[in-house]
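Shown here: model_39.pdb, PDB, C-alpha atoms.
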ATOM      1  CA  MET A  28     174.512 139.055  89.173  1.00  0.00           C
ATOM      2  CA  LYS A  29     175.794 137.783  85.806  1.00  0.00           C
ATOM      3  CA  LYS A  30     175.795 134.214  87.140  1.00  0.00           C
ATOM      4  CA  ALA A  31     172.196 134.646  88.315  1.00  0.00           C
ATOM      5  CA  ILE A  32     171.129 135.938  84.913  1.00  0.00           C
ATOM      6  CA  ALA A  33     172.960 133.077  83.163  1.00  0.00           C
ATOM      7  CA  PHE A  34     171.226 130.581  85.456  1.00  0.00           C
ATOM      8  CA  ILE A  35     167.807 132.114  84.774  1.00  0.00           C
ATOM      9  CA  LEU A  36     168.426 132.025  81.033  1.00  0.00           C
ATOM     10  CA  ALA A  37     169.518 128.378  81.232  1.00  0.00           C
ATOM     11  CA  VAL A  38     166.344 127.468  83.144  1.00  0.00           C
ATOM     12  CA  VAL A  39     164.202 129.307  80.587  1.00  0.00           C
ATOM     13  CA  MET A  40     165.853 127.446  77.723  1.00  0.00           C
ATOM     14  CA  VAL A  41     165.434 124.062  79.441  1.00  0.00           C
ATOM     15  CA  LEU A  42     161.781 124.673  80.275  1.00  0.00           C
ATOM     16  CA  GLY A  43     160.928 126.396  76.998  1.00  0.00           C
ATOM     17  CA  CYS A  44     158.293 129.079  76.967  1.00  0.00           C
ATOM     18  CA  THR A  45     156.495 129.787  80.180  1.00  0.00           C
ATOM     19  CA  THR A  46     152.732 129.584  79.875  1.00  0.00           C
ATOM     20  CA  VAL A  47     150.962 132.695  81.059  1.00  0.00           C
ATOM     21  CA  ALA A  48     147.506 131.686  82.198  1.00  0.00           C
ATOM     22  CA  ALA A  49     145.800 135.054  82.290  1.00  0.00           C
ATOM     23  CA  ALA A  50     144.159 136.512  79.216  1.00  0.00           C
ATOM     24  CA  TYR A  51     145.920 139.624  77.999  1.00  0.00           C
ATOM     25  CA  GLY A  52     144.756 142.857  76.482  1.00  0.00           C
ATOM     26  CA  SER A  53     144.863 143.890  72.877  1.00  0.00           C
ATOM     27  CA  TYR A  54     148.298 143.895  71.302  1.00  0.00           C
ATOM     28  CA  ASN A  55     148.984 145.191  67.822  1.00  0.00           C
ATOM     29  CA  PRO A  56     152.242 147.148  67.635  1.00  0.00           C
ATOM     30  CA  SER A  57     152.730 146.925  63.879  1.00  0.00           C
ATOM     31  CA  PRO A  58     150.953 150.155  62.880  1.00  0.00           C
ATOM     32  CA  ARG A  59     152.867 152.133  65.501  1.00  0.00           C
ATOM     33  CA  ILE A  60     156.452 150.975  64.926  1.00  0.00           C
ATOM     34  CA  VAL A  61     158.685 153.809  63.751  1.00  0.00           C
ATOM     35  CA  SER A  62     162.159 152.691  64.797  1.00  0.00           C
ATOM     36  CA  TYR A  63     164.080 149.934  66.515  1.00  0.00           C
ATOM     37  CA  SER A  64     166.640 149.875  69.282  1.00  0.00           C
ATOM     38  CA  SER A  65     168.736 147.060  70.678  1.00  0.00           C
ATOM     39  CA  SER A  66     172.265 146.167  71.673  1.00  0.00           C
ATOM     40  CA  SER A  67     172.255 143.419  69.046  1.00  0.00           C
ATOM     41  CA  ALA A  68     171.741 144.028  65.342  1.00  0.00           C
ATOM     42  CA  SER A  69     169.864 140.740  64.950  1.00  0.00           C
ATOM     43  CA  MET A  70     167.412 141.368  67.788  1.00  0.00           C
ATOM     44  CA  LYS A  71     165.149 144.352  67.789  1.00  0.00           C
ATOM     45  CA  THR A  72     162.866 145.724  70.471  1.00  0.00           C
ATOM     46  CA  ALA A  73     160.196 147.872  68.912  1.00  0.00           C
ATOM     47  CA  SER A  74     160.290 151.529  69.793  1.00  0.00           C
ATOM     48  CA  VAL A  75     157.643 154.015  68.802  1.00  0.00           C
ATOM     49  CA  ASN A  76     157.139 157.748  68.917  1.00  0.00           C
ATOM     50  CA  VAL A  77     155.459 158.425  72.272  1.00  0.00           C
ATOM     51  CA  SER A  78     153.455 161.405  71.026  1.00  0.00           C
ATOM     52  CA  ALA A  79     151.949 159.335  68.209  1.00  0.00           C
ATOM     53  CA  ALA A  80     151.265 156.215  70.283  1.00  0.00           C
ATOM     54  CA  ASN A  81     149.651 157.477  73.504  1.00  0.00           C
ATOM     55  CA  ALA A  82     152.094 155.401  75.532  1.00  0.00           C
ATOM     56  CA  VAL A  83     151.725 154.919  79.280  1.00  0.00           C
ATOM     57  CA  GLN A  84     154.113 157.029  81.309  1.00  0.00           C
ATOM     58  CA  GLY A  85     155.371 154.330  83.663  1.00  0.00           C
ATOM     59  CA  LEU A  86     156.828 154.600  87.151  1.00  0.00           C
ATOM     60  CA  TRP A  87     159.072 151.538  87.538  1.00  0.00           C
ATOM     61  CA  ALA A  88     159.955 149.755  90.790  1.00  0.00           C
ATOM     62  CA  TYR A  89     162.483 146.931  91.201  1.00  0.00           C
ATOM     63  CA  ASP A  90     162.195 144.233  93.895  1.00  0.00           C
ATOM     64  CA  ALA A  91     165.693 142.810  94.453  1.00  0.00           C
ATOM     65  CA  ALA A  92     164.386 139.944  96.613  1.00  0.00           C
ATOM     66  CA  THR A  93     162.359 138.512  93.725  1.00  0.00           C
ATOM     67  CA  ASP A  94     164.360 140.070  90.853  1.00  0.00           C
ATOM     68  CA  THR A  95     161.148 141.460  89.384  1.00  0.00           C
ATOM     69  CA  TRP A  96     159.990 144.804  88.057  1.00  0.00           C
ATOM     70  CA  THR A  97     156.564 146.377  88.401  1.00  0.00           C
ATOM     71  CA  CYS A  98     155.229 149.516  86.803  1.00  0.00           C
ATOM     72  CA  LYS A  99     152.558 151.997  87.794  1.00  0.00           C
ATOM     73  CA  THR A 100     150.850 154.567  85.633  1.00  0.00           C
ATOM     74  CA  ALA A 101     151.500 158.239  86.324  1.00  0.00           C
ATOM     75  CA  ASP A 102     148.324 158.356  88.447  1.00  0.00           C
ATOM     76  CA  GLY A 103     149.642 155.516  90.655  1.00  0.00           C
ATOM     77  CA  LYS A 104     147.619 152.578  89.305  1.00  0.00           C
ATOM     78  CA  GLN A 105     149.466 149.238  89.242  1.00  0.00           C
ATOM     79  CA  MET A 106     149.637 147.751  85.761  1.00  0.00           C
ATOM     80  CA  ALA A 107     147.529 144.604  85.741  1.00  0.00           C
ATOM     81  CA  ALA A 108     147.785 141.582  83.464  1.00  0.00           C
ATOM     82  CA  GLY A 109     148.243 142.623  79.876  1.00  0.00           C
ATOM     83  CA  TRP A 110     150.281 144.347  77.228  1.00  0.00           C
ATOM     84  CA  TYR A 111     151.289 147.971  77.701  1.00  0.00           C
ATOM     85  CA  LEU A 112     153.109 150.377  75.458  1.00  0.00           C
ATOM     86  CA  VAL A 113     155.343 152.107  78.009  1.00  0.00           C
ATOM     87  CA  ALA A 114     157.322 155.291  77.473  1.00  0.00           C
ATOM     88  CA  VAL A 115     161.063 154.877  78.022  1.00  0.00           C
ATOM     89  CA  ALA A 116     163.769 157.415  78.842  1.00  0.00           C
ATOM     90  CA  ASP A 117     164.822 158.220  75.271  1.00  0.00           C
ATOM     91  CA  GLY A 118     161.374 159.565  74.297  1.00  0.00           C
ATOM     92  CA  THR A 119     160.220 156.384  72.587  1.00  0.00           C
ATOM     93  CA  ALA A 120     158.043 153.569  73.925  1.00  0.00           C
ATOM     94  CA  GLN A 121     158.299 149.787  74.008  1.00  0.00           C
ATOM     95  CA  TRP A 122     155.794 146.951  74.452  1.00  0.00           C
ATOM     96  CA  PHE A 123     155.887 145.200  77.843  1.00  0.00           C
ATOM     97  CA  CYS A 124     153.672 142.448  79.231  1.00  0.00           C
ATOM     98  CA  PHE A 125     152.698 142.053  82.874  1.00  0.00           C
ATOM     99  CA  ASP A 126     151.314 139.046  84.767  1.00  0.00           C
ATOM    100  CA  ALA A 127     148.229 139.005  87.008  1.00  0.00           C
ATOM    101  CA  ASN A 128     150.361 140.257  89.933  1.00  0.00           C
ATOM    102  CA  GLY A 129     151.627 143.248  87.956  1.00  0.00           C
ATOM    103  CA  ARG A 130     155.140 141.813  87.486  1.00  0.00           C
ATOM    104  CA  MET A 131     156.902 142.476  84.206  1.00  0.00           C
ATOM    105  CA  LEU A 132     157.403 139.269  82.234  1.00  0.00           C
ATOM    106  CA  THR A 133     160.786 138.311  80.788  1.00  0.00           C
ATOM    107  CA  GLY A 134     162.055 135.440  78.654  1.00  0.00           C
ATOM    108  CA  TRP A 135     159.912 133.235  76.434  1.00  0.00           C
ATOM    109  CA  ASN A 136     156.225 133.291  77.395  1.00  0.00           C
ATOM    110  CA  TRP A 137     153.086 131.735  75.913  1.00  0.00           C
ATOM    111  CA  ILE A 138     150.538 134.544  76.047  1.00  0.00           C
ATOM    112  CA  LYS A 139     146.846 134.360  75.216  1.00  0.00           C
ATOM    113  CA  ASP A 140     146.108 137.398  73.068  1.00  0.00           C
ATOM    114  CA  ALA A 141     142.843 139.331  72.774  1.00  0.00           C
ATOM    115  CA  ASP A 142     141.784 137.149  69.822  1.00  0.00           C
ATOM    116  CA  GLY A 143     141.885 134.069  72.087  1.00  0.00           C
ATOM    117  CA  VAL A 144     144.958 132.575  70.381  1.00  0.00           C
ATOM    118  CA  THR A 145     147.995 131.742  72.528  1.00  0.00           C
ATOM    119  CA  ARG A 146     151.320 132.738  70.961  1.00  0.00           C
ATOM    120  CA  CYS A 147     154.887 132.652  72.249  1.00  0.00           C
ATOM    121  CA  TYR A 148     156.813 135.928  72.683  1.00  0.00           C
ATOM    122  CA  LEU A 149     160.364 136.741  73.765  1.00  0.00           C
ATOM    123  CA  LEU A 150     160.468 139.525  76.340  1.00  0.00           C
ATOM    124  CA  ASN A 151     164.048 140.642  76.846  1.00  0.00           C
ATOM    125  CA  PRO A 152     165.486 138.728  79.838  1.00  0.00           C
ATOM    126  CA  VAL A 153     168.715 140.751  79.969  1.00  0.00           C
ATOM    127  CA  SER A 154     169.171 143.838  82.154  1.00  0.00           C
ATOM    128  CA  ASP A 155     170.518 146.034  79.369  1.00  0.00           C
ATOM    129  CA  GLY A 156     168.194 149.022  79.639  1.00  0.00           C
ATOM    130  CA  SER A 157     165.369 147.304  77.756  1.00  0.00           C
ATOM    131  CA  ARG A 158     164.671 144.326  80.025  1.00  0.00           C
ATOM    132  CA  GLY A 159     161.125 143.042  79.489  1.00  0.00           C
ATOM    133  CA  ALA A 160     160.661 144.743  76.110  1.00  0.00           C
ATOM    134  CA  CYS A 161     159.122 142.549  73.416  1.00  0.00           C
ATOM    135  CA  TYR A 162     161.580 141.503  70.727  1.00  0.00           C
ATOM    136  CA  MET A 163     160.273 141.852  67.187  1.00  0.00           C
ATOM    137  CA  ASN A 164     161.120 141.236  63.584  1.00  0.00           C
ATOM    138  CA  GLY A 165     164.313 139.191  63.642  1.00  0.00           C
ATOM    139  CA  ARG A 166     166.279 136.149  64.770  1.00  0.00           C
ATOM    140  CA  THR A 167     166.688 135.681  68.503  1.00  0.00           C
ATOM    141  CA  THR A 168     170.063 135.042  70.106  1.00  0.00           C
ATOM    142  CA  ASP A 169     168.982 131.429  70.644  1.00  0.00           C
ATOM    143  CA  GLY A 170     168.265 130.977  66.928  1.00  0.00           C
ATOM    144  CA  TRP A 171     164.475 131.351  66.727  1.00  0.00           C
ATOM    145  CA  THR A 172     162.622 133.934  64.660  1.00  0.00           C
ATOM    146  CA  VAL A 173     159.927 136.392  65.680  1.00  0.00           C
ATOM    147  CA  ASN A 174     157.676 138.386  63.372  1.00  0.00           C
ATOM    148  CA  ALA A 175     156.870 142.109  63.322  1.00  0.00           C
ATOM    149  CA  SER A 176     154.430 141.632  66.228  1.00  0.00           C
ATOM    150  CA  GLY A 177     156.978 139.626  68.219  1.00  0.00           C
ATOM    151  CA  ALA A 178     155.292 136.220  67.870  1.00  0.00           C
ATOM    152  CA  TRP A 179     157.571 133.174  67.509  1.00  0.00           C
ATOM    153  CA  THR A 180     157.603 131.818  63.966  1.00  0.00           C
ATOM    154  CA  VAL A 181     158.946 128.657  62.314  1.00  0.00           C
ATOM    155  CA  ASN A 182     159.436 128.932  58.545  1.00  0.00           C
ATOM    156  CA  GLY A 183     157.303 132.091  58.603  1.00  0.00           C
ATOM    157  CA  VAL A 184     154.375 130.411  60.402  1.00  0.00           C
ATOM    158  CA  VAL A 185     153.338 131.825  63.802  1.00  0.00           C
ATOM    159  CA  GLN A 186     153.422 129.074  66.414  1.00  0.00           C
ATOM    160  CA  THR A 187     150.263 128.786  68.508  1.00  0.00           C
ATOM    161  CA  LYS A 188     149.109 126.670  71.396  1.00  0.00           C
TER
END
As structure tokens - that is how I would like this structure written.
Amino acid sequence: MKKAIAFILAVVMVLGCTTVAAAYGSYNPSPRIVSYSSSSASMKTASVNVSAANAVQGLWAYDAATDTWTCKTADGKQMAAGWYLVAVADGTAQWFCFDANGRMLTGWNWIKDADGVTRCYLLNPVSDGSRGACYMNGRTTDGWTVNASGAWTVNGVVQTK
């Protein structure tokens, strides 16, 4: 499994950010951030208080054949393309993004936001309990920086496409 993850990460780094063609829903985590959690001090996945954020209570399913995760709402609806603030086990919530097939995105992805601008985001590629969560406000393990909303920045300037 570790070799497979290392291979996937190497492919992501060679190809750069994946372009996500679908338009995504509104994403603005900044007003809701109350704490951070991560296994690395330099990388932070935003966590928020579920009661204050109206987070989706997700029902996760893993497909080992495709190494992908999907999530359904408590009423059984498959999450469609877009950003979702999803409740996690510790009582907080994290931002996740799903493609048009309802699969959780991981790695670097170019995502067209609600304002029509395409930005690049790092969605945790590692199965460490927060896989798929959007990294925010720090330096990534590969040396890039992301702002408080998770968008890739160079010298403080959000990179767009």
Taking into account only C-alpha atoms, which residue in the set A:Trp87, A:Tyr111, A:Trp137, A:Phe123 is nearest to Asn151 in chain A?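 Distance minimum relative to Asn151 in chain A lands on A:Phe123.
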From the set A:Tyr162, A:Trp96, A:Trp135, A:Tyr148, which residue has the shortest atom-to-atom contact distance to Gln121 in chain A, counting only C-alpha atoms?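 Using only C-alpha atoms, the shortest distance to Gln121 in chain A belongs to A:Tyr162.
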Between CA of Asp140 in chain A and CA of Gly118 in chain A, what is the distance in Å, rounded to a tenth?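 Value for the CA of Asp140 in chain A-CA of Gly118 in chain A distance: 26.9 Å.
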Within 10 Å of Gly159 in chain A, counting all atoms listed in the file, which residues show up once you throw out same-chain ones fewer than 3 positions away? Write them as a list of chain:residue names, please. A:Thr72, A:Trp96, A:Gln121, A:Trp122, A:Phe123, A:Cys124, A:Phe125, A:Met131, A:Leu132, A:Thr133, A:Gly134, A:Leu149, A:Leu150, A:Asn151, A:Pro152, A:Val153, A:Ser154, A:Asp155, A:Gly156, A:Tyr162
Among the residues A:Ala107, A:Asn136, A:Ala116, A:Gly129, the one that comes closest to Thr95 in chain A [using only C-alpha atoms]: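 Among the listed residues, the smallest separation from Thr95 in chain A belongs to A:Gly129.
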